[in-house]
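Visitor: Supplied structure: final-v2.cif, mmCIF, C-alpha atoms.
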```cif
data_final
#
loop_
_atom_site.label_atom_id
_atom_site.label_comp_id
_atom_site.auth_asym_id
_atom_site.auth_seq_id
_atom_site.Cartn_x
_atom_site.Cartn_y
_atom_site.Cartn_z
CA MET J 1 62.28 121.70 78.17
CA LYS J 2 64.97 123.80 79.74
CA ALA J 3 68.37 122.86 78.32
CA ARG J 4 71.44 122.91 80.48
CA ARG J 5 74.01 125.37 79.24
CA ASP J 6 77.65 124.75 79.89
CA VAL J 7 80.90 124.93 78.04
CA TYR J 8 80.63 121.26 77.05
CA GLN J 9 77.37 121.83 75.31
CA ALA J 10 78.92 124.76 73.49
CA ILE J 11 81.65 122.67 71.90
CA ALA J 12 79.69 119.43 71.53
CA ASP J 13 78.39 120.49 68.12
CA PRO J 14 80.64 120.71 65.01
CA THR J 15 78.94 123.87 63.72
CA ARG J 16 79.43 125.61 67.05
CA ARG J 17 83.08 124.55 67.12
CA ALA J 18 83.47 125.95 63.61
CA ILE J 19 81.84 129.24 64.66
CA ILE J 20 84.19 129.51 67.63
CA ASN J 21 87.20 128.83 65.39
CA MET J 22 85.97 131.46 62.96
CA ILE J 23 85.50 134.25 65.49
CA ALA J 24 88.46 133.30 67.70
CA GLY J 25 90.88 135.32 65.54
CA GLN J 26 88.64 138.34 65.01
CA PRO J 27 84.99 139.27 65.48
CA HIS J 28 82.66 138.57 62.55
CA ASN J 29 79.26 139.97 61.80
CA MET J 30 76.23 137.68 61.65
CA LYS J 31 76.04 137.93 57.87
CA SER J 32 79.57 136.64 57.26
CA ILE J 33 79.04 133.79 59.74
CA THR J 34 75.79 132.76 58.08
CA GLU J 35 77.40 132.86 54.62
CA LYS J 36 80.13 130.50 55.75
CA PHE J 37 77.72 127.66 56.53
CA ASP J 38 75.27 125.71 54.44
CA MET J 39 72.46 126.40 56.90
CA SER J 40 69.53 128.70 57.42
CA GLN J 41 69.99 131.97 59.22
CA GLN J 42 67.64 130.73 61.93
CA ALA J 43 69.82 127.67 62.55
CA ILE J 44 72.96 129.81 62.81
CA SER J 45 71.16 132.25 65.12
CA LEU J 46 70.26 129.39 67.42
CA HIS J 47 73.88 128.19 67.55
CA VAL J 48 75.01 131.75 68.29
CA LYS J 49 72.41 132.01 71.04
CA ILE J 50 73.61 128.74 72.63
CA LEU J 51 77.21 129.98 72.50
CA MET J 52 76.05 133.21 74.19
CA ASP J 53 74.21 131.28 76.90
CA CYS J 54 77.35 129.24 77.50
CA GLY J 55 79.41 132.39 77.93
CA LEU J 56 81.70 131.80 74.96
CA LEU J 57 80.32 134.53 72.72
CA THR J 58 78.94 138.04 73.01
CA VAL J 59 77.15 140.05 70.36
CA ARG J 60 78.06 143.70 69.95
CA GLN J 61 75.75 146.02 68.04
CA GLN J 62 77.67 148.41 65.80
CA GLY J 63 75.46 150.63 63.69
CA ARG J 64 73.18 148.31 61.79
CA GLU J 65 75.49 145.34 62.15
CA ARG J 66 75.82 142.76 64.90
CA PHE J 67 79.33 141.50 65.57
CA CYS J 68 80.07 138.22 67.36
CA GLU J 69 83.11 138.16 69.62
CA ALA J 70 84.66 135.09 71.20
CA HIS J 71 85.44 134.73 74.90
CA LEU J 72 87.68 131.74 75.08
CA ASP J 73 88.72 131.86 78.73
CA ARG J 74 85.97 129.40 79.65
CA LEU J 75 87.40 126.77 77.30
CA GLY J 76 90.21 126.32 79.83
CA GLU J 77 87.66 124.47 81.95
CA VAL J 78 87.49 121.73 79.30
CA ALA J 79 91.27 121.49 79.08
CA VAL J 80 91.43 120.86 82.84
CA TRP J 81 88.88 118.05 82.60
CA VAL J 82 90.62 116.47 79.61
CA ALA J 83 93.89 116.62 81.57
CA GLN J 84 92.21 114.88 84.48
CA TYR J 85 90.95 112.11 82.22
CA LYS J 86 94.38 111.79 80.66
CA GLN J 87 95.83 111.44 84.16
CA PHE J 88 93.59 108.41 84.68
CA TRP J 89 95.33 106.70 81.75
CA GLU J 90 98.76 107.91 82.82
CA ASN J 91 98.06 106.26 86.17
CA LYS J 92 97.21 103.03 84.39
CA MET J 93 100.52 103.26 82.57
CA ASP J 94 102.29 103.89 85.93
CA SER J 95 100.64 100.80 87.31
CA PHE J 96 101.76 98.83 84.24
CA GLU J 97 105.32 100.12 84.57
CA MET J 98 105.55 99.22 88.25
CA TYR J 99 104.19 95.76 87.65
CA VAL J 100 106.82 95.18 84.93
CA GLU J 101 109.49 96.45 87.35
CA LYS J 102 108.28 94.07 90.02
CA LEU J 103 108.42 91.08 87.67
CA LYS J 104 111.88 92.10 86.54
CA LYS J 105 113.18 92.31 90.12
CA GLU J 106 111.76 88.89 90.83
CA GLY J 107 113.76 87.64 87.87
CA TYR J 108 110.59 86.63 86.09
CA GLY J 109 111.16 84.82 82.81
CA LYS J 110 114.97 84.86 83.15
CA GLN J 111 115.51 81.63 85.01
CA LYS J 112 112.98 79.07 86.07
CA LYS J 113 113.40 77.92 89.66
CA MET B 114 82.12 122.43 55.59
CA GLU B 115 84.23 120.91 58.28
CA ASN B 116 85.13 117.27 57.76
CA LYS B 117 84.41 115.45 61.01
CA LYS B 118 86.79 112.58 60.38
CA SER B 119 89.87 114.37 59.02
CA ASN B 120 91.01 116.10 62.19
CA THR B 121 91.59 113.84 65.18
CA GLN B 122 93.12 116.42 67.50
CA ASP B 123 89.93 117.04 69.45
CA ARG B 124 89.12 113.38 70.11
CA GLU B 125 92.33 111.53 70.93
CA LEU B 126 94.67 110.80 73.80
CA LEU B 127 98.29 109.76 73.56
CA ILE B 128 100.23 108.23 76.45
CA THR B 129 103.87 107.25 75.93
CA ARG B 130 106.41 105.66 78.24
CA GLN B 131 109.93 104.35 77.98
CA LEU B 132 110.20 101.23 80.14
CA ASP B 133 113.39 99.79 81.52
CA ALA B 134 112.47 96.27 80.48
CA PRO B 135 112.98 94.06 77.42
CA ILE B 136 110.26 93.94 74.81
CA ASP B 137 109.32 90.27 75.37
CA LEU B 138 108.50 90.99 79.04
CA VAL B 139 106.57 94.18 78.24
CA TRP B 140 104.62 92.35 75.55
CA GLU B 141 103.81 89.46 77.85
CA VAL B 142 102.54 91.71 80.64
CA TRP B 143 100.33 93.58 78.16
CA SER B 144 98.99 90.54 76.34
CA SER B 145 98.31 87.84 78.96
CA PRO B 146 95.14 88.01 81.07
CA GLU B 147 96.90 86.55 84.12
CA HIS B 148 99.19 89.60 84.14
CA ILE B 149 96.65 92.20 83.04
CA VAL B 150 94.37 91.55 86.04
CA ASN B 151 97.26 92.59 88.28
CA TRP B 152 97.77 96.08 86.88
CA TRP B 153 94.58 97.10 85.06
CA GLY B 154 92.09 99.41 86.74
CA PRO B 155 92.49 102.01 89.49
CA ASN B 156 93.72 101.22 92.98
CA GLY B 157 91.09 99.45 95.04
CA PHE B 158 89.63 97.80 91.96
CA THR B 159 89.91 94.14 91.07
CA ASN B 160 89.51 92.71 87.59
CA THR B 161 88.06 89.61 86.03
CA ILE B 162 88.90 88.67 82.47
CA THR B 163 86.41 86.12 81.19
CA LYS B 164 87.69 86.10 77.64
CA MET B 165 90.78 87.31 75.86
CA ASP B 166 91.15 86.00 72.35
CA LEU B 167 94.22 87.86 71.15
CA ARG B 168 93.85 87.79 67.39
CA PRO B 169 92.08 89.96 64.82
CA GLY B 170 88.32 89.72 65.39
CA GLY B 171 88.85 88.12 68.81
CA GLU B 172 86.88 89.25 71.85
CA TRP B 173 88.23 90.68 75.06
CA ASP B 174 85.90 90.80 78.06
CA LEU B 175 87.15 92.51 81.17
CA VAL B 176 85.06 93.44 84.21
CA MET B 177 86.41 95.97 86.68
CA HIS B 178 85.01 95.56 90.19
CA GLY B 179 84.89 98.86 92.04
CA PRO B 180 85.54 99.06 95.81
CA ASP B 181 81.83 99.84 96.33
CA GLY B 182 80.81 96.67 94.53
CA THR B 183 79.96 98.30 91.22
CA ASP B 184 80.95 96.31 88.16
CA TYR B 185 82.23 98.09 85.07
CA ILE B 186 81.90 95.95 81.96
CA ASN B 187 84.51 96.48 79.26
CA LYS B 188 84.13 94.67 75.98
CA SER B 189 86.62 95.05 73.16
CA ILE B 190 87.36 93.46 69.82
CA PHE B 191 90.95 93.06 68.70
CA ARG B 192 91.54 94.52 65.27
CA GLU B 193 95.24 93.97 64.74
CA VAL B 194 97.82 91.93 66.61
CA ILE B 195 101.47 91.97 65.51
CA LEU B 196 103.82 90.19 67.91
CA HIS B 197 106.16 92.60 69.74
CA LYS B 198 104.92 95.50 67.60
CA LYS B 199 101.29 96.42 67.88
CA ILE B 200 97.90 95.65 69.42
CA VAL B 201 94.83 97.46 68.09
CA TYR B 202 91.52 97.01 69.87
CA GLU B 203 88.14 98.58 69.57
CA HIS B 204 86.37 99.30 72.84
CA VAL B 205 82.76 98.52 71.90
CA THR B 206 81.04 99.24 75.22
CA GLY B 207 80.90 102.91 76.19
CA PRO B 208 83.01 104.96 75.82
CA LYS B 209 83.65 103.87 72.25
CA PHE B 210 87.21 104.29 71.06
CA VAL B 211 89.92 102.53 69.09
CA ALA B 212 93.14 102.01 71.02
CA THR B 213 96.48 101.34 69.38
CA VAL B 214 99.22 100.09 71.66
CA SER B 215 102.62 100.17 69.97
CA PHE B 216 105.82 98.58 71.22
CA GLU B 217 109.29 99.56 70.09
CA GLN B 218 112.52 97.94 71.22
CA LYS B 219 115.30 100.37 72.20
CA GLY B 220 118.20 98.17 73.22
CA ASP B 221 117.26 96.72 76.62
CA GLN B 222 114.40 99.17 76.95
CA THR B 223 110.97 99.31 75.39
CA CYS B 224 109.05 102.34 74.26
CA ILE B 225 105.31 101.87 74.57
CA THR B 226 102.68 104.24 73.21
CA TRP B 227 98.99 104.05 73.91
CA HIS B 228 96.83 105.97 71.52
CA MET B 229 93.09 106.27 72.00
CA LEU B 230 90.94 107.62 69.24
CA PHE B 231 87.32 108.29 70.09
CA GLU B 232 84.61 107.93 67.45
CA THR B 233 83.65 111.58 67.50
CA ALA B 234 84.59 114.69 69.44
CA GLU B 235 81.10 114.46 70.95
CA GLU B 236 81.85 111.00 72.36
CA PHE B 237 85.18 112.22 73.72
CA ILE B 238 83.64 115.26 75.37
CA ARG B 239 80.87 113.12 76.84
CA THR B 240 83.44 110.69 78.24
CA VAL B 241 85.53 113.42 79.81
CA LYS B 242 82.41 114.99 81.26
CA THR B 243 81.08 111.71 82.67
CA PHE B 244 84.47 110.98 84.13
CA LYS B 245 84.51 114.37 85.82
CA ALA B 246 81.03 113.76 87.17
CA ASP B 247 82.03 110.44 88.68
CA GLU B 248 83.41 111.53 92.03
CA GLY B 249 84.05 107.97 93.16
CA MET B 250 86.28 107.38 90.21
CA LYS B 251 88.05 110.69 90.78
CA GLN B 252 88.79 109.84 94.38
CA ASN B 253 90.19 106.54 93.25
CA VAL B 254 92.48 108.28 90.81
CA GLU B 255 93.68 110.58 93.57
CA LYS B 256 94.18 107.66 95.92
CA LEU B 257 96.12 105.82 93.25
CA GLY B 258 98.28 108.89 92.68
CA LYS B 259 99.19 109.01 96.39
CA TYR B 260 99.77 105.28 96.49
CA LEU B 261 102.12 105.47 93.53
CA ALA B 262 103.98 108.45 94.98
CA GLY B 263 104.44 106.46 98.19
CA MET B 264 105.73 103.45 96.32
CA LYS B 265 108.17 105.58 94.35
CA ALA B 266 109.47 107.18 97.53
CA ARG B 267 110.11 103.79 99.09
CA ARG B 268 112.09 102.57 96.12
#
```
Output the file's structure in the form of structure tokens.
Guide:
Amino acid sequence: MKARRDVYQAIADPTRRAIINMIAGQPHNMKSITEKFDMSQQAISLHVKILMDCGLLTVRQQGRERFCEAHLDRLGEVAVWVAQYKQFWENKMDSFEMYVEKLKKEGYGKQKK
Amino acid sequence: MENKKSNTQDRELLITRQLDAPIDLVWEVWSSPEHIVNWWGPNGFTNTITKMDLRPGGEWDLVMHGPDGTDYINKSIFREVILHKKIVYEHVTGPKFVATVSFEQKGDQTCITWHMLFETAEEFIRTVKTFKADEGMKQNVEKLGKYLAGMKARR
């Protein structure tokens, strides 16, 4: 089965989010990432590979060590989509506000005619 | 290990508004089905509320009818209802979230906050993604935006 790789998939898993948070400040080598989690090295390698496929992480070979670096520019994509979803609810609130305004102008609830 | 439940930052939305209306009116418009059907749902949508039992444990069934004839079923359970203060409901059909609507009187005005907390970050991300994928919905949001801008300009 060929999995779809996008930025959503990258951050949909708590371990991958934790890896991104860890390397966001500075690159870490594979060993220090693996030590941080209660998981097998194979499991961590798979998460790192998915993050690579999603374009959020690159691995740089330095001597005998492999360093993981974060590339967070693609996360902006998610922020835009969250903002769009938030706008949907803001619009609902606008609609609510206008309806209240309309009732107020009609003198609703103040005096019964 | 990361505690999934402790940090809510990546799975919540907060909408706040100060309304130029007294709290009893704002409360009534938010809590009576005959008012809710008039403002709920995007432009072009109509709503049917078959049940709204506003008390803890009570059911709230709202169906949004899209302009293309698609029905969107929304079922919620009220968790907390405090007159003129707070309504908490759990949206039990997808997307699953707990919404807290708070009301605060500020003289003749009312401050309303709408907080939505999704079960997990995964659910939130899935919701945002599905929403993005739904072009029809997006167009409706855009249409609503224009409609509202037009209404504001006329005022």
Visitor: Using Å and a single decimal, report how far CA of Asn120 (chain B) sits from CA of Met30 (chain J).
Guide: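 These atoms are spaced 26.2 Å apart.
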Visitor: Could you list, as an mmCIF file with C-alpha atoms, in the frame of the given file, every residue matched by the PyMOL selection byres ((chain J) within 12 of (chain B)) in this structure?
Guide:
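The resulting file, out-v8.cif, is reproduced below:
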```
data_model
loop_
_atom_site.group_PDB
_atom_site.id
_atom_site.type_symbol
_atom_site.label_atom_id
_atom_site.label_comp_id
_atom_site.auth_asym_id
_atom_site.auth_seq_id
_atom_site.Cartn_x
_atom_site.Cartn_y
_atom_site.Cartn_z
ATOM 1 C CA ASP J 6 77.650 124.750 79.890
ATOM 2 C CA VAL J 7 80.900 124.930 78.040
ATOM 3 C CA TYR J 8 80.630 121.260 77.050
ATOM 4 C CA GLN J 9 77.370 121.830 75.310
ATOM 5 C CA ALA J 10 78.920 124.760 73.490
ATOM 6 C CA ILE J 11 81.650 122.670 71.900
ATOM 7 C CA ALA J 12 79.690 119.430 71.530
ATOM 8 C CA ASP J 13 78.390 120.490 68.120
ATOM 9 C CA PRO J 14 80.640 120.710 65.010
ATOM 10 C CA THR J 15 78.940 123.870 63.720
ATOM 11 C CA ARG J 16 79.430 125.610 67.050
ATOM 12 C CA ARG J 17 83.080 124.550 67.120
ATOM 13 C CA ALA J 18 83.470 125.950 63.610
ATOM 14 C CA ILE J 19 81.840 129.240 64.660
ATOM 15 C CA ASN J 21 87.200 128.830 65.390
ATOM 16 C CA MET J 22 85.970 131.460 62.960
ATOM 17 C CA GLU J 35 77.400 132.860 54.620
ATOM 18 C CA LYS J 36 80.130 130.500 55.750
ATOM 19 C CA PHE J 37 77.720 127.660 56.530
ATOM 20 C CA ASP J 38 75.270 125.710 54.440
ATOM 21 C CA MET J 39 72.460 126.400 56.900
ATOM 22 C CA GLU J 77 87.660 124.470 81.950
ATOM 23 C CA VAL J 78 87.490 121.730 79.300
ATOM 24 C CA ALA J 79 91.270 121.490 79.080
ATOM 25 C CA VAL J 80 91.430 120.860 82.840
ATOM 26 C CA TRP J 81 88.880 118.050 82.600
ATOM 27 C CA VAL J 82 90.620 116.470 79.610
ATOM 28 C CA ALA J 83 93.890 116.620 81.570
ATOM 29 C CA GLN J 84 92.210 114.880 84.480
ATOM 30 C CA TYR J 85 90.950 112.110 82.220
ATOM 31 C CA LYS J 86 94.380 111.790 80.660
ATOM 32 C CA GLN J 87 95.830 111.440 84.160
ATOM 33 C CA PHE J 88 93.590 108.410 84.680
ATOM 34 C CA TRP J 89 95.330 106.700 81.750
ATOM 35 C CA GLU J 90 98.760 107.910 82.820
ATOM 36 C CA ASN J 91 98.060 106.260 86.170
ATOM 37 C CA LYS J 92 97.210 103.030 84.390
ATOM 38 C CA MET J 93 100.520 103.260 82.570
ATOM 39 C CA ASP J 94 102.290 103.890 85.930
ATOM 40 C CA SER J 95 100.640 100.800 87.310
ATOM 41 C CA PHE J 96 101.760 98.830 84.240
ATOM 42 C CA GLU J 97 105.320 100.120 84.570
ATOM 43 C CA MET J 98 105.550 99.220 88.250
ATOM 44 C CA TYR J 99 104.190 95.760 87.650
ATOM 45 C CA VAL J 100 106.820 95.180 84.930
ATOM 46 C CA GLU J 101 109.490 96.450 87.350
ATOM 47 C CA LYS J 102 108.280 94.070 90.020
ATOM 48 C CA LEU J 103 108.420 91.080 87.670
ATOM 49 C CA LYS J 104 111.880 92.100 86.540
ATOM 50 C CA LYS J 105 113.180 92.310 90.120
ATOM 51 C CA GLY J 107 113.760 87.640 87.870
ATOM 52 C CA TYR J 108 110.590 86.630 86.090
ATOM 53 C CA GLY J 109 111.160 84.820 82.810
ATOM 54 C CA LYS J 110 114.970 84.860 83.150
#
```
Visitor: For the structure provided, state which residues fall under the PyMOL selection byres ((chain J and resi 51) around 9), and present them as a list of chain:residue names.
Guide: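 This file gives the following for the PyMOL selection byres ((chain J and resi 51) around 9): J:Arg5, J:Val7, J:Gln9, J:Ala10, J:Ile11, J:Arg16, J:Ile20, J:Leu46, J:His47, J:Val48, J:Lys49, J:Ile50, J:Met52, J:Asp53, J:Cys54, J:Gly55, J:Leu56, J:Leu57, J:Thr58.
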Visitor: Distance CA of Glu217 (chain B)-CA of Glu172 (chain B), one decimal place?
Guide: 24.7 Å
Visitor: Just give me the gap between CA of His228 (chain B) and CA of Val205 (chain B) in Å, one decimal is fine.
Guide: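 Separation between CA of His228 (chain B) and CA of Val205 (chain B): 15.9 Å.
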Visitor: Could you list the residues chosen by the PyMOL selection byres ((chain B and resi 209) around 9) in this structure as a ChimeraX atom specification?
Guide: /B:203-208,210-211,230-232,236-237
Visitor: Can you pull out every residue within 12 Å of Glu65 (chain J), counting only C-alpha atoms, but drop anything in the same chain fewer than 5 positions away, and send it as number ranges by chain?
Guide: J: 27-32, 59-60
